[in-house]
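Engineer: query13.txt is the file, holding compact mmCIF, C-alpha atoms:
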```txt
# COMPACT_ATOMS: atom_id res chain seq x y z
CA MET A 15 73.35 6.86 -65.87
CA GLN A 16 74.61 3.29 -66.16
CA ARG A 17 77.41 4.12 -63.72
CA VAL A 18 74.89 5.41 -61.17
CA ILE A 19 72.85 2.20 -61.47
CA LEU A 20 75.99 0.08 -61.00
CA GLN A 21 76.97 2.16 -57.95
CA ARG A 22 73.52 1.57 -56.47
CA LYS A 23 73.75 -2.15 -57.22
CA PHE A 24 77.01 -2.71 -55.35
CA PRO A 25 75.61 -2.51 -51.80
CA ALA A 26 72.77 -4.83 -52.84
CA ILE A 27 75.23 -7.33 -54.37
CA PHE A 28 77.40 -7.29 -51.25
CA LEU A 29 74.31 -7.72 -49.08
CA LEU A 30 73.20 -10.70 -51.18
CA LEU A 31 76.69 -12.21 -51.09
CA PHE A 32 76.68 -11.88 -47.30
CA LEU A 33 73.17 -13.34 -47.00
CA PHE A 34 73.90 -16.31 -49.25
CA SER A 35 77.25 -17.07 -47.65
CA SER A 36 75.58 -17.27 -44.22
CA CYS A 37 72.50 -19.01 -45.59
CA ARG A 38 73.71 -22.63 -45.62
CA VAL A 39 71.58 -25.17 -43.83
CA SER A 40 73.61 -27.15 -41.28
CA LEU A 41 71.87 -30.07 -39.56
CA VAL A 42 74.70 -32.60 -39.22
CA PRO A 43 78.48 -32.46 -38.63
CA GLU A 44 80.80 -32.18 -41.61
CA TYR A 45 81.99 -35.46 -43.14
CA ASN A 46 85.37 -36.59 -41.80
CA ALA A 47 87.09 -39.21 -44.00
CA ARG A 48 89.78 -39.93 -41.39
CA LEU A 49 87.12 -40.55 -38.76
CA GLU A 50 85.29 -42.94 -41.09
CA THR A 51 88.53 -44.92 -41.52
CA GLN A 52 89.16 -44.86 -37.77
CA ILE A 53 85.66 -46.24 -37.10
CA ALA A 54 86.05 -48.96 -39.75
CA ASP A 55 89.48 -49.98 -38.39
CA ALA A 56 88.29 -50.09 -34.78
CA ALA A 57 85.19 -52.13 -35.72
CA LYS A 58 87.48 -54.55 -37.58
CA ALA A 59 89.81 -54.82 -34.55
CA SER A 60 86.80 -55.55 -32.31
CA ASP A 61 85.63 -58.29 -34.67
CA ARG A 62 89.17 -59.69 -34.90
CA LEU A 63 89.48 -59.87 -31.12
CA TYR A 64 86.51 -62.26 -30.92
CA ILE A 65 87.63 -64.26 -34.00
CA ASP A 66 91.03 -64.78 -32.32
CA LEU A 67 89.40 -65.69 -29.00
CA LEU A 68 87.28 -68.31 -30.76
CA GLY A 69 90.43 -69.68 -32.40
CA GLU A 70 92.05 -70.33 -29.01
CA GLU A 71 91.43 -73.35 -26.81
CA PRO A 72 89.11 -72.40 -23.87
CA LEU A 73 91.97 -72.65 -21.36
CA ALA A 74 94.10 -70.26 -23.45
CA ARG A 75 91.44 -67.53 -23.46
CA ASN A 76 92.45 -65.96 -20.18
CA TYR A 77 91.68 -62.24 -19.89
CA ASP A 78 95.27 -61.22 -19.11
CA LYS A 79 96.40 -62.48 -22.51
CA PHE A 80 93.89 -60.20 -24.28
CA GLN A 81 93.93 -57.24 -21.89
CA ASP A 82 96.16 -55.06 -24.11
CA ARG A 83 93.84 -55.53 -27.07
CA TYR A 84 90.81 -54.63 -24.96
CA ASN A 85 92.64 -51.52 -23.74
CA ASP A 86 93.67 -50.50 -27.27
CA LEU A 87 90.09 -50.81 -28.44
CA GLU A 88 88.73 -48.87 -25.47
CA ALA A 89 91.24 -46.09 -26.21
CA GLU A 90 90.08 -46.03 -29.87
CA ILE A 91 86.45 -45.66 -28.79
CA ASN A 92 87.45 -42.86 -26.40
CA SER A 93 89.32 -41.15 -29.25
CA ILE A 94 86.30 -41.41 -31.57
CA GLU A 95 84.15 -39.96 -28.77
CA LEU A 96 86.56 -37.06 -28.21
CA ILE A 97 86.64 -36.17 -31.91
CA ASN A 98 82.85 -36.20 -32.00
CA GLN A 99 82.58 -34.05 -28.87
CA GLY A 100 84.43 -31.35 -30.81
CA ARG A 101 82.00 -31.36 -33.73
CA ILE A 102 78.89 -29.25 -34.17
CA LYS A 103 75.43 -30.90 -34.37
CA ASN A 104 76.86 -33.97 -32.63
CA ASP A 105 73.90 -35.04 -30.41
CA ASP A 106 72.93 -38.18 -32.36
CA PHE A 107 76.55 -39.28 -32.73
CA LEU A 108 77.25 -38.94 -29.00
CA VAL A 109 74.31 -41.24 -28.10
CA ILE A 110 75.50 -43.90 -30.58
CA ILE A 111 79.06 -43.70 -29.21
CA LYS A 112 77.92 -43.83 -25.56
CA ASN A 113 75.92 -47.00 -26.26
CA LEU A 114 78.93 -48.58 -27.99
CA LYS A 115 81.29 -47.56 -25.19
CA ASP A 116 79.00 -48.94 -22.44
CA ALA A 117 78.55 -52.24 -24.32
CA PHE A 118 82.28 -52.65 -24.93
CA GLN A 119 83.14 -51.91 -21.29
CA GLU A 120 80.53 -54.47 -20.17
CA ALA A 121 82.02 -57.11 -22.50
CA LYS A 122 85.54 -56.34 -21.28
CA GLU A 123 84.47 -56.47 -17.63
CA TYR A 124 82.61 -59.77 -18.15
CA HIS A 125 85.76 -61.38 -19.58
CA ARG A 126 87.91 -59.93 -16.77
CA GLU A 127 85.54 -61.23 -14.06
CA HIS A 128 85.06 -64.68 -15.60
CA LYS A 129 88.74 -65.02 -16.66
CA THR A 130 87.66 -66.87 -19.84
CA LEU A 131 84.73 -67.01 -22.30
CA SER A 132 82.78 -69.94 -23.76
CA ASN A 133 82.33 -70.37 -27.52
CA GLY A 134 78.71 -69.22 -27.18
CA GLU A 135 79.63 -66.09 -25.23
CA ILE A 136 82.28 -65.18 -27.81
CA LYS A 137 79.85 -65.59 -30.72
CA ALA A 138 77.19 -63.55 -28.90
CA TYR A 139 79.59 -60.70 -28.05
CA GLN A 140 81.00 -60.67 -31.58
CA ALA A 141 77.51 -60.28 -33.09
CA THR A 142 76.27 -57.80 -30.48
CA LEU A 143 79.28 -55.49 -30.68
CA ALA A 144 79.11 -55.53 -34.49
CA GLY A 145 75.52 -54.35 -34.05
CA TYR A 146 76.75 -51.38 -31.98
CA TRP A 147 79.50 -50.42 -34.45
CA LYS A 148 77.39 -50.44 -37.62
CA PRO A 149 75.07 -47.46 -36.88
CA LEU A 150 78.13 -45.31 -36.16
CA TYR A 151 79.84 -46.29 -39.42
CA VAL A 152 76.66 -45.88 -41.50
CA ALA A 153 75.98 -42.46 -39.94
CA GLU A 154 79.48 -41.14 -40.68
CA ARG A 155 79.33 -42.40 -44.28
CA SER A 156 75.96 -40.68 -44.83
CA LEU A 157 77.62 -37.28 -44.27
CA GLN A 158 79.62 -37.57 -47.51
CA MET B 227 67.62 -9.96 -66.91
CA ALA B 228 64.08 -10.69 -65.61
CA PHE B 229 63.66 -12.49 -62.33
CA ASP B 230 60.62 -14.78 -62.38
CA ILE B 231 60.06 -15.70 -58.73
CA ASN B 232 57.50 -18.40 -59.61
CA GLU B 233 59.89 -20.07 -62.01
CA VAL B 234 62.74 -19.95 -59.46
CA PHE B 235 60.51 -21.41 -56.71
CA ALA B 236 59.36 -24.19 -59.05
CA GLN B 237 63.00 -25.01 -59.82
CA MET B 238 63.85 -24.96 -56.09
CA LEU B 239 61.02 -27.40 -55.42
CA GLN B 240 62.27 -29.68 -58.20
CA ALA B 241 65.80 -29.57 -56.74
CA ILE B 242 64.45 -30.59 -53.31
CA LYS B 243 62.32 -33.38 -54.81
CA LYS B 244 65.22 -34.74 -56.86
CA THR B 245 67.64 -34.79 -53.89
CA ALA B 246 65.03 -36.33 -51.60
CA LYS B 247 64.15 -38.99 -54.17
CA ASP B 248 67.81 -39.90 -54.70
CA ASP B 249 68.42 -40.23 -50.96
CA TRP B 250 65.12 -41.88 -49.96
CA GLY B 251 66.41 -45.15 -51.43
CA SER B 252 69.44 -45.10 -49.13
CA ILE B 253 67.30 -44.41 -46.02
CA LYS B 254 64.97 -47.29 -46.87
CA GLU B 255 67.94 -49.57 -47.55
CA THR B 256 69.60 -48.58 -44.24
CA ALA B 257 66.43 -49.28 -42.21
CA THR B 258 65.86 -52.63 -43.98
CA ASN B 259 69.49 -53.57 -43.44
CA TYR B 260 69.26 -52.86 -39.69
CA PHE B 261 66.06 -54.91 -39.47
CA GLN B 262 67.73 -57.85 -41.23
CA ASP B 263 70.81 -57.63 -38.97
CA ARG B 264 68.58 -57.72 -35.86
CA LYS B 265 66.71 -60.77 -37.14
CA LEU B 266 69.99 -62.66 -37.69
CA ARG B 267 71.39 -61.63 -34.28
CA VAL B 268 68.28 -62.67 -32.37
CA GLU B 269 68.19 -65.99 -34.26
CA LEU B 270 71.85 -66.58 -33.34
CA LEU B 271 71.30 -65.69 -29.65
CA THR B 272 68.21 -67.91 -29.43
CA SER B 273 70.04 -70.80 -31.04
CA LEU B 274 73.00 -70.36 -28.63
CA MET B 275 70.65 -70.44 -25.63
CA LEU B 276 68.64 -73.43 -26.89
CA HIS B 277 71.89 -75.37 -27.39
CA ASP B 278 73.10 -74.41 -23.89
CA GLU B 279 76.03 -72.42 -25.28
CA ILE B 280 74.94 -69.40 -23.23
CA ASP B 281 72.82 -69.30 -20.07
CA LYS B 282 69.49 -67.52 -19.70
CA GLU B 283 70.95 -64.59 -17.76
CA PHE B 284 73.55 -63.94 -20.46
CA PHE B 285 70.84 -64.29 -23.15
CA LEU B 286 68.62 -61.71 -21.40
CA LYS B 287 71.54 -59.27 -21.15
CA ARG B 288 72.11 -59.59 -24.91
CA LEU B 289 68.41 -58.98 -25.53
CA ALA B 290 68.73 -55.82 -23.42
CA ASP B 291 71.60 -54.88 -25.76
CA GLU B 292 69.18 -55.15 -28.67
CA LYS B 293 67.14 -52.27 -27.21
CA LYS B 294 70.26 -50.12 -27.05
CA ILE B 295 71.31 -51.14 -30.56
CA LEU B 296 67.85 -50.16 -31.80
CA GLU B 297 68.30 -46.77 -30.11
CA SER B 298 71.66 -46.36 -31.90
CA GLU B 299 70.10 -47.37 -35.22
CA LEU B 300 67.30 -44.81 -34.81
CA HIS B 301 69.87 -42.08 -34.16
CA SER B 302 71.81 -43.30 -37.19
CA VAL B 303 68.70 -43.12 -39.40
CA ALA B 304 68.05 -39.62 -37.96
CA ILE B 305 71.54 -38.56 -39.08
CA VAL B 306 71.00 -40.05 -42.56
CA THR B 307 67.65 -38.20 -42.81
CA LYS B 308 69.10 -34.89 -41.59
CA ALA B 309 72.02 -35.21 -44.03
CA MET B 310 69.47 -35.72 -46.81
CA ALA B 311 67.41 -32.70 -45.70
CA GLN B 312 70.58 -30.59 -45.52
CA LYS B 313 71.59 -31.56 -49.06
CA ALA B 314 68.09 -30.81 -50.40
CA ALA B 315 67.87 -27.42 -48.67
CA ASN B 316 71.32 -26.35 -49.81
CA ALA B 317 70.61 -27.47 -53.38
CA ALA B 318 67.51 -25.21 -53.35
CA ILE B 319 69.47 -22.29 -51.87
CA ASP B 320 72.21 -22.73 -54.49
CA LEU B 321 69.57 -22.54 -57.18
CA LEU B 322 68.04 -19.37 -55.73
CA GLN B 323 71.51 -17.84 -55.39
CA ALA B 324 72.34 -18.63 -59.04
CA ALA B 325 69.01 -17.16 -60.23
CA VAL B 326 69.44 -13.97 -58.22
CA PHE B 327 73.02 -13.39 -59.39
CA LYS B 328 72.01 -14.09 -62.97
CA ALA B 329 69.18 -11.50 -62.68
CA ILE B 330 71.40 -8.77 -61.24
CA GLY B 331 74.10 -9.53 -63.81
```
Kindly present the structure from the file in structure tokens form.

Structural biologist:
Amino acid sequence: MQRVILQRKFPAIFLLLFLFSSCRVSLVPEYNARLETQIADAAKASDRLYIDLLGEEPLARNYDKFQDRYNDLEAEINSIELINQGRIKNDDFLVIIKNLKDAFQEAKEYHREHKTLSNGEIKAYQATLAGYWKPLYVAERSLQ
Amino acid sequence: MAFDINEVFAQMLQAIKKTAKDDWGSIKETATNYFQDRKLRVELLTSLMLHDEIDKEFFLKRLADEKKILESELHSVAIVTKAMAQKAANAAIDLLQAAVFKAIG
């Protein structure tokens, strides 16, 4: 009798196992520790770029001297965007990254066009770009 | 083993409440933090313009940035909130799963 009950239970147990295994709520991408580090490092490099610019005399702030660092940072942002494009539930992340990318490209283009930057412009860009990086970092950390 | 659906649902509700309560603090802190950052940035930009360190056109472009930063912050808070909801829902499902498996032995 007990054997019959067990035999009847098996399909139900397998059905429940199947239901529970597929019954996980997924609203955000999975946490990615490497991506969090990449974001933190790129945000730090962006901050460092403007700290170094401020440390130079105005005549030594020509765009050509800093072009490689701008390009490295732009490539990092593109890489972060690519990784996020491959994740599920990525809509919010892609908006944050697009805003950051547009702002960084504008800052880079402004320096290229004007050849140099004033102290005020450097301080403003440093603060503004930090404002664009933070929501991305906070969002990734919240997935832990 | 008896399966008391009311008891299980009550426990699920408690699991959701506990997770939400734990995470609500971090959402509030995040939003307050963003607000404080904005205040400091706008104060800096205003000071730079008033001291002629940046011109009006540059200042207005940075203020336009503030709108975009706010948009990013709202999406960031949305992610934090969704992550919280996901944790709460999965904690409740885990509880239901444990109760069901316990009942069927």

Engineer: Residues at most 9 Å from segment 305-318 of chain B, counting only C-alpha atoms, excluding those fewer than 4 positions away in the same chain, as a PyMOL selection string?

Structural biologist: (chain A and resi 37-43+106-107+152-158) or (chain B and resi 235+237-246+249-250+252-253+256+300-301+322-323)

Engineer: Could you check how far atom CA of Arg75 of chain A sits from atom CA of Lys129 of chain A, in Å to one decimal?

Structural biologist: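 Going from atom CA of Arg75 of chain A over to atom CA of Lys129 of chain A, I get 7.7 Å.
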
Engineer: Between B:Ile231, B:Leu271, B:Ala329, B:Ala236, which has the minimum distance to chain A (counting all atoms listed in the file)?

Structural biologist: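 Answer, going by the shortest atom-to-atom distance: B:Leu271.
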
Engineer: Leaving out Leu289 of chain B and any residue of its chain fewer than 3 positions from it, which residues lie within 12 Å of it when counting only C-alpha atoms, given as a ChimeraX atom specification?

Structural biologist: /A:138-139,141-142 /B:264-265,267-272,275,282-286,292-296

Engineer: Using only C-alpha atoms, what residues lie at most 7 Å away from (86.1, -68.5, -22.9) (file coordinates), given as a VMD selection string?

Structural biologist: chain A and resid 72 75 130 to 133

Engineer: Can I get the selected residues back with C-alpha atoms, as a short mmCIF file (atom, residue, chain, number, x, y, z; two decimals), in the coordinates of the input?

Structural biologist:
```
data_model
loop_
_atom_site.label_atom_id
_atom_site.label_comp_id
_atom_site.auth_asym_id
_atom_site.auth_seq_id
_atom_site.Cartn_x
_atom_site.Cartn_y
_atom_site.Cartn_z
CA PRO A 72 89.11 -72.40 -23.87
CA ARG A 75 91.44 -67.53 -23.46
CA THR A 130 87.66 -66.87 -19.84
CA LEU A 131 84.73 -67.01 -22.30
CA SER A 132 82.78 -69.94 -23.76
CA ASN A 133 82.33 -70.37 -27.52
#
```

Engineer: Which value, in Å to one decimal, gives the distance between atom CA of Ser302 of chain B and atom CA of Pro149 of chain A?

Structural biologist: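 Taking atom CA of Ser302 of chain B as the start and atom CA of Pro149 of chain A as the end point, the length is 5.3 Å.
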
Engineer: Please determine, counting all atoms listed in the file, which residue among B:Asp248, B:Glu299, B:Glu255, B:Asp281 has the shortest atom-to-atom distance to chain A.

Structural biologist: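 Using all atoms listed in the file, the shortest distance to chain A belongs to B:Glu299.
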
Engineer: With distances taken over all atoms listed in the file, which of B:Ala324, B:Tyr260, B:Glu279, B:Ile330 is nearest to Glu297 of chain B?

Structural biologist: B:Tyr260

Engineer: Between atom CA of Ile136 of chain A and atom CA of Leu63 of chain A, what distance in Å does the model show, to one decimal?

Structural biologist: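 Taking atom CA of Ile136 of chain A and atom CA of Leu63 of chain A, their separation equals 9.5 Å.
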
Engineer: Neighbouring residues of Arg62 of chain A were defined as those with any atom within 12 Å, considering only C-alpha atoms; residues of the same chain fewer than 4 positions away were excluded. Please report them as a list in words.

Structural biologist: Asp55, Ala56, Ala57, Lys58, Asp66, Leu67, Leu68, Gly69, Phe80, Arg83, Tyr84, Leu87, Ile136, Lys137, Tyr139, Gln140, Ala141, Leu143 and Ala144 of chain A

Engineer: Based on the selection just made, write C-alpha atoms of those residues as a tab-separated table (two decimals), in the coordinates of the input.

Structural biologist:
```
chain	number	residue	atom	x	y	z
A	55	ASP	CA	89.48	-49.98	-38.39
A	56	ALA	CA	88.29	-50.09	-34.78
A	57	ALA	CA	85.19	-52.13	-35.72
A	58	LYS	CA	87.48	-54.55	-37.58
A	66	ASP	CA	91.03	-64.78	-32.32
A	67	LEU	CA	89.40	-65.69	-29.00
A	68	LEU	CA	87.28	-68.31	-30.76
A	69	GLY	CA	90.43	-69.68	-32.40
A	80	PHE	CA	93.89	-60.20	-24.28
A	83	ARG	CA	93.84	-55.53	-27.07
A	84	TYR	CA	90.81	-54.63	-24.96
A	87	LEU	CA	90.09	-50.81	-28.44
A	136	ILE	CA	82.28	-65.18	-27.81
A	137	LYS	CA	79.85	-65.59	-30.72
A	139	TYR	CA	79.59	-60.70	-28.05
A	140	GLN	CA	81.00	-60.67	-31.58
A	141	ALA	CA	77.51	-60.28	-33.09
A	143	LEU	CA	79.28	-55.49	-30.68
A	144	ALA	CA	79.11	-55.53	-34.49
```

Engineer: Measuring atom to atom with only C-alpha atoms, identify which of A:His128, A:Lys122, A:Ala117, A:Asp61 is nearest to chain B.

Structural biologist: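 Comparing A:His128, A:Lys122, A:Ala117, A:Asp61 against chain B, the winner is A:Ala117.
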
Engineer: When distances are computed from all atoms listed in the file, which of A:Ala59, A:Ala121, A:Ile94, A:Ala74 shows the smallest separation from chain B?

Structural biologist: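 Closest candidate: A:Ala121.
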